[in-house]
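First up is the structure itself, then whatever we jot down about it.
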Amino acid sequence: MEEQSQEIIFIISVGASIALLLVGFIISILFFYQSKQIKQERLMRDIKERYERELLTSQIEMQENTMKQIGEELHDNIKQQLLVVNMALGFLPLETENPSFETIKESRAEINNIIKDIAQLSHSLHTDRIYQVGLLESIDLEVERLRRIKSLNVKYSSQVKYNYFDGQTNTFIFRIMQEMLQNVLKHAKATELNIEIFEEENAFFVIRIQDNGIGFDATAKKEAANGEGIGLTSIQNRANLINATIKIDSEIGKGTSVSLALPIPKEESSVIN
């Protein structure tokens with residue numbers, strides 16, 4: 001009887017051991033499968049993100065090429081045509097006493113102003129120009145162009161002395177700023193514009209643009225980023241490509257503040273502008 005009990009205990013022990021091994025084997029297989037599935041999902045996500053970034057980069061490159069062509073068209077054709085018209089007006093045989101003399105003089109002065117505006121606009125649209133002069137001087141020229149708008153009081157301050165970023169990053173930053181300014185001109189109905197460029201905690205390059213315009217519901221715009229052509233999607237897409245952060249504060253009737261913050265590279269390779 002005792003031997004039979006020992007055999008039963010032995011069989012139970014062996015069975016329990018086999019069951020534990022089987023359970024351990026099943027758990028190992030499930031763990032291995034889950035790990036493999038997680039790796040596969042991560043790989044697919046990385047591939048998708050890489051594809052989306054490459055697609056977005058291609059779209060932005062196409063936009064840059066289009067703006068470059070527009071800039072060249074403005075500079076090479078329209079500017080030249082205006083110069084011809086201005087010269088033709090200068091050759092008109094009118095005496096100073098002629099009633100039309102002052103009108104033509106004022107028209108020629110206005111044409112000269114338009115020619116200057118076209119030259120500045122064509123430069124701001126040309127990517128190579130941003131590469132050549134750097135980000136800070138490109139922003140200076142853009143502000144100078146804005147100040148020619150008589151209905152807009154533009155205040156500008158820059159505390160940054162270095163071009164911290166490479167040519168492509170500079171281009172993205174400049175295009176984001178242009179989009180911000182374009183939003184003000186198209187939508188804000190502002191009379192005052194404040195542009196600040198500064199370093200935050202010696203770690204971030206920041207551009208802040210504030211206006212006293214009509215404002216908007218920032219929460220609603222974030223939920224419908226492609227609404228009403230305000231261009232938030234374009235701004236955010238470019239910001240994502242350079243790991244920049246966009247912050248928008250706005251209330252209806254209280255103006256808008258938009259800022260771009262970008263980490264300053266740690267490498268000591270900044271170029272003085």
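By convention in this document, the chains of the structure tokens carry letters A, B, ... by their order, each chain's residues are numbered from 1, and ligands are numbered from 1 in the order they are shown.
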
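Within the 12 Å cut-off around Glu199 of chain A, using only C-alpha atoms and omitting residues fewer than 4 positions from it on the same chain, the listed residues are A:Ser158, A:Gln159, A:Val160, A:Lys161, A:Tyr162, A:Asn163, A:Tyr164, A:Ala203, A:Phe204, A:Phe205, A:Val206, A:Ile207, A:Arg208, A:Leu260, A:Ala261, A:Leu262, A:Pro263, A:Ile264.
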
Next, dump the selected residues to file, keeping only N, CA and C atoms, as a PDB file, in the first residue's frame.
ATOM      1  N   SER A 158      15.591  92.146 -32.057  1.00  0.00           N
ATOM      2  CA  SER A 158      16.323  90.883 -32.170  1.00  0.00           C
ATOM      3  C   SER A 158      17.512  90.908 -31.220  1.00  0.00           C
ATOM      4  N   GLN A 159      17.566  89.933 -30.326  1.00  0.00           N
ATOM      5  CA  GLN A 159      18.673  89.822 -29.379  1.00  0.00           C
ATOM      6  C   GLN A 159      19.638  88.702 -29.760  1.00  0.00           C
ATOM      7  N   VAL A 160      19.399  88.086 -30.903  1.00  0.00           N
ATOM      8  CA  VAL A 160      20.222  86.963 -31.349  1.00  0.00           C
ATOM      9  C   VAL A 160      21.315  87.482 -32.282  1.00  0.00           C
ATOM     10  N   LYS A 161      22.543  87.046 -32.076  1.00  0.00           N
ATOM     11  CA  LYS A 161      23.678  87.516 -32.863  1.00  0.00           C
ATOM     12  C   LYS A 161      24.277  86.432 -33.750  1.00  0.00           C
ATOM     13  N   TYR A 162      23.786  85.209 -33.629  1.00  0.00           N
ATOM     14  CA  TYR A 162      24.405  84.105 -34.359  1.00  0.00           C
ATOM     15  C   TYR A 162      23.386  83.355 -35.204  1.00  0.00           C
ATOM     16  N   ASN A 163      23.850  82.860 -36.339  1.00  0.00           N
ATOM     17  CA  ASN A 163      23.077  81.910 -37.137  1.00  0.00           C
ATOM     18  C   ASN A 163      23.434  80.510 -36.635  1.00  0.00           C
ATOM     19  N   TYR A 164      22.553  79.927 -35.862  1.00  0.00           N
ATOM     20  CA  TYR A 164      22.854  78.648 -35.217  1.00  0.00           C
ATOM     21  C   TYR A 164      22.617  77.437 -36.115  1.00  0.00           C
ATOM     22  N   ALA A 203      18.963  78.019 -24.428  1.00  0.00           N
ATOM     23  CA  ALA A 203      18.747  76.673 -24.970  1.00  0.00           C
ATOM     24  C   ALA A 203      17.825  76.660 -26.190  1.00  0.00           C
ATOM     25  N   PHE A 204      17.003  77.701 -26.346  1.00  0.00           N
ATOM     26  CA  PHE A 204      16.035  77.719 -27.430  1.00  0.00           C
ATOM     27  C   PHE A 204      16.115  79.028 -28.214  1.00  0.00           C
ATOM     28  N   PHE A 205      16.036  78.891 -29.524  1.00  0.00           N
ATOM     29  CA  PHE A 205      15.896  80.037 -30.430  1.00  0.00           C
ATOM     30  C   PHE A 205      14.402  80.270 -30.611  1.00  0.00           C
ATOM     31  N   VAL A 206      13.946  81.499 -30.339  1.00  0.00           N
ATOM     32  CA  VAL A 206      12.505  81.777 -30.325  1.00  0.00           C
ATOM     33  C   VAL A 206      12.172  82.961 -31.233  1.00  0.00           C
ATOM     34  N   ILE A 207      11.133  82.795 -32.034  1.00  0.00           N
ATOM     35  CA  ILE A 207      10.530  83.901 -32.777  1.00  0.00           C
ATOM     36  C   ILE A 207       9.100  84.055 -32.265  1.00  0.00           C
ATOM     37  N   ARG A 208       8.762  85.257 -31.810  1.00  0.00           N
ATOM     38  CA  ARG A 208       7.402  85.511 -31.323  1.00  0.00           C
ATOM     39  C   ARG A 208       6.799  86.658 -32.127  1.00  0.00           C
ATOM     40  N   LEU A 260       7.515  80.401 -32.272  1.00  0.00           N
ATOM     41  CA  LEU A 260       8.246  79.215 -32.712  1.00  0.00           C
ATOM     42  C   LEU A 260       9.464  79.068 -31.818  1.00  0.00           C
ATOM     43  N   ALA A 261       9.657  77.895 -31.252  1.00  0.00           N
ATOM     44  CA  ALA A 261      10.815  77.627 -30.393  1.00  0.00           C
ATOM     45  C   ALA A 261      11.568  76.420 -30.935  1.00  0.00           C
ATOM     46  N   LEU A 262      12.869  76.583 -31.076  1.00  0.00           N
ATOM     47  CA  LEU A 262      13.702  75.533 -31.668  1.00  0.00           C
ATOM     48  C   LEU A 262      14.964  75.356 -30.831  1.00  0.00           C
ATOM     49  N   PRO A 263      15.284  74.123 -30.432  1.00  0.00           N
ATOM     50  CA  PRO A 263      16.507  73.913 -29.630  1.00  0.00           C
ATOM     51  C   PRO A 263      17.751  74.391 -30.367  1.00  0.00           C
ATOM     52  N   ILE A 264      18.596  75.109 -29.658  1.00  0.00           N
ATOM     53  CA  ILE A 264      19.858  75.577 -30.243  1.00  0.00           C
ATOM     54  C   ILE A 264      20.847  74.413 -30.250  1.00  0.00           C
TER      55      ILE A 264
END

Which residues of segment 115-167 of chain A sit at most 7 Å from segment 176-194 of chain A, using only C-alpha atoms? Give each one's shortest atom pair and distance in Å (one decimal place), in chain and ascending residue order, as a Markdown table.
| residue | atom | partner | partner_atom | distance |
| --- | --- | --- | --- | --- |
| A:Ser151 | CA | A:Thr191 | CA | 6.2 |
| A:Leu152 | CA | A:Thr191 | CA | 4.7 |
| A:Asn153 | CA | A:Glu192 | CA | 4.7 |
| A:Val154 | CA | A:Leu193 | CA | 4.8 |
| A:Lys155 | CA | A:Asn194 | CA | 4.7 |
| A:Tyr156 | CA | A:Asn194 | CA | 6.0 |

Would you list the contacts of Arg175 of chain A as a PDB file with C-alpha atoms, in the first residue's frame, taking every protein, DNA or RNA residue within 10 Å and counting only C-alpha atoms, but skipping same-chain residues closer than 3 positions in sequence?
ATOM      1  CA  GLU A  64      10.335  75.933 -52.618  1.00  0.00           C
ATOM      2  CA  SER A 124      12.430  86.474 -49.938  1.00  0.00           C
ATOM      3  CA  LEU A 125      10.954  83.813 -52.243  1.00  0.00           C
ATOM      4  CA  THR A 127      15.796  79.806 -51.324  1.00  0.00           C
ATOM      5  CA  THR A 169      16.762  74.576 -41.229  1.00  0.00           C
ATOM      6  CA  ASN A 170      17.134  78.339 -41.797  1.00  0.00           C
ATOM      7  CA  THR A 171      14.860  78.039 -44.819  1.00  0.00           C
ATOM      8  CA  PHE A 172      12.212  76.162 -42.840  1.00  0.00           C
ATOM      9  CA  GLN A 178       6.571  84.170 -43.500  1.00  0.00           C
ATOM     10  CA  GLU A 179       3.459  82.020 -43.069  1.00  0.00           C
ATOM     11  CA  MET A 180       2.845  83.549 -39.632  1.00  0.00           C
ATOM     12  CA  LEU A 181       3.171  87.057 -41.049  1.00  0.00           C
ATOM     13  CA  SER A 234       1.642  74.139 -43.258  1.00  0.00           C
ATOM     14  CA  ILE A 235       3.284  75.795 -40.257  1.00  0.00           C
ATOM     15  CA  ARG A 238       7.454  72.472 -41.379  1.00  0.00           C
ATOM     16  CA  ALA A 239       7.937  72.729 -37.611  1.00  0.00           C
TER      17      ALA A 239
END

Could you check which of A:Glu97, A:Glu106, A:Asp211, A:Glu196 is closest to Ile139 of chain A, using only C-alpha atoms? A:Glu196

Compare A:Asn86, A:Asn212, A:Ser17, A:Ser157 by their minimum atom-to-atom distance to Lys105 of chain A, counting only C-alpha atoms, and give me the closest one.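 Answer, going by the shortest atom-to-atom distance: A:Asn86.
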
What are the DSSP strand (DSSP E) residues of segment 147-261 of chain A, as a ChimeraX atom specification? /A:153-158,162-163,192-200,204-211,245-250,256-261

Could you write those residues out with C-alpha atoms, as a JSON list (two decimals), in the first residue's frame?
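Final file, selection.json:
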[["chain", "number", "residue", "atom", "x", "y", "z"],
["A", 153, "ASN", "CA", 2.95, 99.76, -37.32],
["A", 154, "VAL", "CA", 5.77, 97.20, -37.09],
["A", 155, "LYS", "CA", 7.97, 96.90, -34.00],
["A", 156, "TYR", "CA", 10.98, 94.63, -34.29],
["A", 157, "SER", "CA", 13.65, 93.54, -31.82],
["A", 158, "SER", "CA", 16.32, 90.88, -32.17],
["A", 162, "TYR", "CA", 24.41, 84.11, -34.36],
["A", 163, "ASN", "CA", 23.08, 81.91, -37.14],
["A", 192, "GLU", "CA", 0.17, 96.89, -34.80],
["A", 193, "LEU", "CA", 2.65, 94.05, -35.15],
["A", 194, "ASN", "CA", 5.41, 93.13, -32.72],
["A", 195, "ILE", "CA", 8.19, 90.75, -33.83],
["A", 196, "GLU", "CA", 10.71, 89.48, -31.28],
["A", 197, "ILE", "CA", 13.68, 87.17, -31.76],
["A", 198, "PHE", "CA", 15.51, 85.99, -28.67],
["A", 199, "GLU", "CA", 17.17, 83.10, -26.87],
["A", 200, "GLU", "CA", 15.26, 81.43, -24.05],
["A", 204, "PHE", "CA", 16.04, 77.72, -27.43],
["A", 205, "PHE", "CA", 15.90, 80.04, -30.43],
["A", 206, "VAL", "CA", 12.50, 81.78, -30.33],
["A", 207, "ILE", "CA", 10.53, 83.90, -32.78],
["A", 208, "ARG", "CA", 7.40, 85.51, -31.32],
["A", 209, "ILE", "CA", 4.89, 87.43, -33.43],
["A", 210, "GLN", "CA", 2.09, 89.36, -31.73],
["A", 211, "ASP", "CA", -0.67, 91.45, -33.29],
["A", 245, "THR", "CA", 7.43, 73.78, -31.24],
["A", 246, "ILE", "CA", 4.62, 76.11, -32.27],
["A", 247, "LYS", "CA", 2.56, 77.88, -29.60],
["A", 248, "ILE", "CA", -0.57, 79.86, -30.45],
["A", 249, "ASP", "CA", -2.43, 82.11, -28.01],
["A", 250, "SER", "CA", -5.46, 83.97, -29.29],
["A", 256, "THR", "CA", -2.94, 86.76, -31.49],
["A", 257, "SER", "CA", 0.48, 85.65, -30.32],
["A", 258, "VAL", "CA", 2.32, 82.93, -32.24],
["A", 259, "SER", "CA", 5.77, 81.68, -31.27],
["A", 260, "LEU", "CA", 8.25, 79.21, -32.71],
["A", 261, "ALA", "CA", 10.82, 77.63, -30.39]]

Between A:Ile149, A:Ile252, A:Ile173, A:Leu22, which residue has the minimum interatomic distance to Ile130 of chain A, considering only C-alpha atoms?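 Among the listed residues, A:Ile173 lies closest to Ile130 of chain A.
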